[in-house]
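Student: Please find structure_38.cif (mmCIF, C-alpha atoms) on the next line:
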```cif
data_entry
loop_
_atom_site.group_PDB
_atom_site.id
_atom_site.type_symbol
_atom_site.label_atom_id
_atom_site.label_comp_id
_atom_site.auth_asym_id
_atom_site.auth_seq_id
_atom_site.Cartn_x
_atom_site.Cartn_y
_atom_site.Cartn_z
ATOM 1 C CA GLY A 1 -12.906 -57.876 15.465
ATOM 2 C CA GLN A 2 -11.992 -55.304 12.975
ATOM 3 C CA ALA A 3 -9.240 -52.803 13.843
ATOM 4 C CA GLU A 4 -10.199 -49.207 13.376
ATOM 5 C CA ALA A 5 -7.718 -46.801 11.823
ATOM 6 C CA SER A 6 -6.622 -43.998 14.093
ATOM 7 C CA HIS A 7 -6.915 -40.638 12.385
ATOM 8 C CA ARG A 8 -5.043 -37.633 13.645
ATOM 9 C CA SER A 9 -6.043 -34.206 12.649
ATOM 10 C CA GLY A 10 -4.315 -30.919 12.992
ATOM 11 C CA ARG A 11 -4.616 -27.335 12.007
ATOM 12 C CA VAL A 12 -2.376 -25.098 9.960
ATOM 13 C CA VAL A 13 -2.085 -21.440 10.869
ATOM 14 C CA ALA A 14 -0.100 -19.256 8.487
ATOM 15 C CA VAL A 15 1.408 -15.969 9.620
ATOM 16 C CA TYR A 16 3.197 -13.881 7.025
ATOM 17 C CA GLY A 17 4.328 -10.341 6.541
ATOM 18 C CA VAL A 18 4.403 -8.295 3.376
ATOM 19 C CA ARG A 19 7.780 -6.796 4.222
ATOM 20 C CA GLY A 20 10.515 -7.198 6.782
ATOM 21 C CA GLY A 21 10.005 -5.635 10.176
ATOM 22 C CA CYS A 22 6.207 -5.814 10.284
ATOM 23 C CA GLY A 23 6.154 -8.229 13.251
ATOM 24 C CA ALA A 24 5.046 -11.484 11.592
ATOM 25 C CA THR A 25 7.811 -13.544 13.233
ATOM 26 C CA THR A 26 7.043 -12.088 16.650
ATOM 27 C CA ILE A 27 3.382 -12.979 16.250
ATOM 28 C CA ALA A 28 4.159 -16.480 14.922
ATOM 29 C CA VAL A 29 6.622 -17.316 17.722
ATOM 30 C CA ASN A 30 4.323 -16.086 20.472
ATOM 31 C CA LEU A 31 1.294 -17.785 18.911
ATOM 32 C CA ALA A 32 3.168 -21.107 18.720
ATOM 33 C CA LEU A 33 4.259 -20.825 22.354
ATOM 34 C CA GLN A 34 0.719 -19.985 23.447
ATOM 35 C CA LEU A 35 -0.856 -22.801 21.403
ATOM 36 C CA ALA A 36 1.571 -25.352 22.826
ATOM 37 C CA GLU A 37 0.789 -24.226 26.369
ATOM 38 C CA VAL A 38 -2.974 -23.817 26.103
ATOM 39 C CA SER A 39 -3.874 -26.718 23.805
ATOM 40 C CA HIS A 40 -1.564 -29.219 25.499
ATOM 41 C CA GLY A 41 -0.953 -30.493 21.964
ATOM 42 C CA HIS A 42 2.192 -30.679 19.920
ATOM 43 C CA VAL A 43 3.014 -27.617 17.830
ATOM 44 C CA ALA A 44 5.478 -27.224 14.965
ATOM 45 C CA LEU A 45 6.729 -23.742 14.112
ATOM 46 C CA LEU A 46 8.075 -23.530 10.568
ATOM 47 C CA ASP A 47 10.153 -20.460 9.673
ATOM 48 C CA LEU A 48 10.480 -20.465 5.874
ATOM 49 C CA ASN A 49 12.582 -17.301 5.749
ATOM 50 C CA LEU A 50 15.844 -19.192 5.240
ATOM 51 C CA ARG A 51 18.027 -16.114 4.789
ATOM 52 C CA GLY A 52 16.709 -13.830 7.436
ATOM 53 C CA GLY A 53 14.411 -15.788 9.685
ATOM 54 C CA THR A 54 14.733 -14.824 13.299
ATOM 55 C CA ALA A 55 12.449 -17.390 14.965
ATOM 56 C CA GLY A 56 15.470 -19.348 16.234
ATOM 57 C CA MET A 57 17.096 -16.225 17.619
ATOM 58 C CA MET A 58 13.857 -15.180 19.315
ATOM 59 C CA LEU A 59 13.624 -18.606 20.961
ATOM 60 C CA GLY A 60 17.312 -18.663 21.931
ATOM 61 C CA VAL A 61 18.387 -21.628 19.768
ATOM 62 C CA ARG A 62 20.784 -22.172 16.897
ATOM 63 C CA THR A 63 19.379 -23.548 13.673
ATOM 64 C CA GLY A 64 21.075 -25.911 11.235
ATOM 65 C CA ALA A 65 20.731 -26.845 7.578
ATOM 66 C CA GLY A 66 18.178 -29.647 8.041
ATOM 67 C CA LEU A 67 15.220 -27.601 6.842
ATOM 68 C CA ARG A 68 17.045 -26.625 3.641
ATOM 69 C CA VAL A 69 17.821 -30.295 2.978
ATOM 70 C CA ALA A 70 14.171 -31.252 3.560
ATOM 71 C CA LEU A 71 12.982 -28.547 1.162
ATOM 72 C CA GLU A 72 15.538 -29.401 -1.524
ATOM 73 C CA GLU A 73 15.051 -33.172 -1.294
ATOM 74 C CA PRO A 74 11.449 -33.849 -0.204
ATOM 75 C CA ASP A 75 11.813 -37.579 -0.973
ATOM 76 C CA ARG A 76 14.233 -37.845 1.966
ATOM 77 C CA VAL A 77 11.718 -36.502 4.469
ATOM 78 C CA ASP A 78 10.719 -39.168 6.966
ATOM 79 C CA ALA A 79 10.042 -39.315 10.691
ATOM 80 C CA LEU A 80 13.759 -39.617 11.510
ATOM 81 C CA LEU A 81 14.719 -36.539 9.458
ATOM 82 C CA LEU A 82 11.887 -34.531 11.010
ATOM 83 C CA ASP A 83 12.975 -35.638 14.475
ATOM 84 C CA ARG A 84 16.560 -34.561 13.798
ATOM 85 C CA THR A 85 15.595 -31.326 12.047
ATOM 86 C CA GLY A 86 13.046 -30.091 14.575
ATOM 87 C CA ILE A 87 14.618 -28.180 17.443
ATOM 88 C CA PRO A 88 12.762 -28.896 20.687
ATOM 89 C CA ILE A 89 11.489 -25.807 22.480
ATOM 90 C CA GLY A 90 10.008 -27.097 25.701
ATOM 91 C CA GLU A 91 7.986 -30.298 25.766
ATOM 92 C CA ARG A 92 5.401 -29.559 23.078
ATOM 93 C CA LEU A 93 6.942 -27.124 20.584
ATOM 94 C CA ARG A 94 9.440 -27.915 17.826
ATOM 95 C CA LEU A 95 11.046 -25.303 15.608
ATOM 96 C CA PHE A 96 11.847 -26.027 11.976
ATOM 97 C CA ALA A 97 14.106 -23.284 10.679
ATOM 98 C CA ALA A 98 17.411 -22.697 8.919
ATOM 99 C CA GLU A 99 19.817 -19.818 8.809
ATOM 100 C CA GLU A 100 21.501 -19.703 5.440
ATOM 101 C CA PRO A 101 24.237 -17.227 4.481
ATOM 102 C CA LEU A 102 23.286 -14.465 2.069
#
```
As structure tokens - that is how I would like this structure written.

Tutor:
Amino acid sequence: GQAEASHRSGRVVAVYGVRGGCGATTIAVNLALQLAEVSHGHVALLDLNLRGGTAGMMLGVRTGAGLRVALEEPDRVDALLLDRTGIPIGERLRLFAAEEPL
């Protein structure tokens, strides 16, 4: 028989604020937590504010430099780098964030 290709699909939800302090991170973090719980699917939360992102702080984790490396060198991005860069938050949520000095 002929093997059928397995296709995975996902959705992208973007949350952004026009200025600091408008609550976009709070909404994004809580939405990611809710989606992971309700959908029973895997959720990735990407905080692209490298110099002031507070998603890690809101979730009680420390971020590293892995996201910066992935953004600066996209050719290096593979499953292993994503696994090492993503910070597990529970069973179904992974945070991708960095906290760079000003």

Student: Using all atoms listed in the file, which residues sit within 12 Å of Met57 in chain A once same-chain residues fewer than 2 positions away are excluded, as number ranges by chain?

Tutor: A: 25-26, 29, 47, 52-55, 59-63, 95, 97-99

Student: Mind checking which residues fall within 8 Å of Ala32 in chain A, counting all atoms listed in the file, ignoring those fewer than 4 positions away in the same chain, and posting them as a list in words?

Tutor: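 So the residues in contact are Ala28, Ala36, Val43, Ala44, Leu45 and Leu93 of chain A.
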
Student: Name the closest residue to Leu35 in chain A among the candidates A:Val12, A:Thr85, A:Arg51, A:Cys22; distances are taken between atoms, counting only C-alpha atoms.

Tutor: A:Val12

Student: In terms of the shortest atom-to-atom distance over all atoms listed in the file, which of A:Leu50, A:Val38, A:Ala24, A:Leu67 is closest to Asp83 in chain A?

Tutor: A:Leu67

Student: May I ask for the distance between CA of Arg11 in chain A and CA of Gly23 in chain A, given in Å to one decimal place?

Tutor: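 Distance reported for this atom pair: 22.0 Å.
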
Student: Rounded to one decimal place, report the CA of Glu73 in chain A-CA of His42 in chain A distance in Å.

Tutor: 24.9 Å

Student: Would you mind reading off the distance between CA of Ser39 in chain A and CA of Ile89 in chain A, one decimal, in Å?

Tutor: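 Computing the Euclidean distance for CA of Ser39 in chain A and CA of Ile89 in chain A yields 15.4 Å.
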
Student: So what does the PyMOL selection byres ((chain A and resi 70) around 12) actually pick up in this one, as a list in words?

Tutor: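 When the PyMOL selection byres ((chain A and resi 70) around 12) is applied, the selected residues are Leu48, Gly64, Ala65, Gly66, Leu67, Arg68, Val69, Leu71, Glu72, Glu73, Pro74, Asp75, Arg76, Val77, Asp78, Ala79, Leu80, Leu81, Leu82, Asp83, Arg84, Thr85, Gly86, Phe96, Ala97 and Ala98 of chain A.
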
Student: Nearest residue to Pro88 in chain A out of A:Pro101, A:Gly56, A:Asn30, A:Gly20, using all atoms listed in the file?

Tutor: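 Looking only at the distances to Pro88 in chain A, the closest residue turns out to be A:Gly56.
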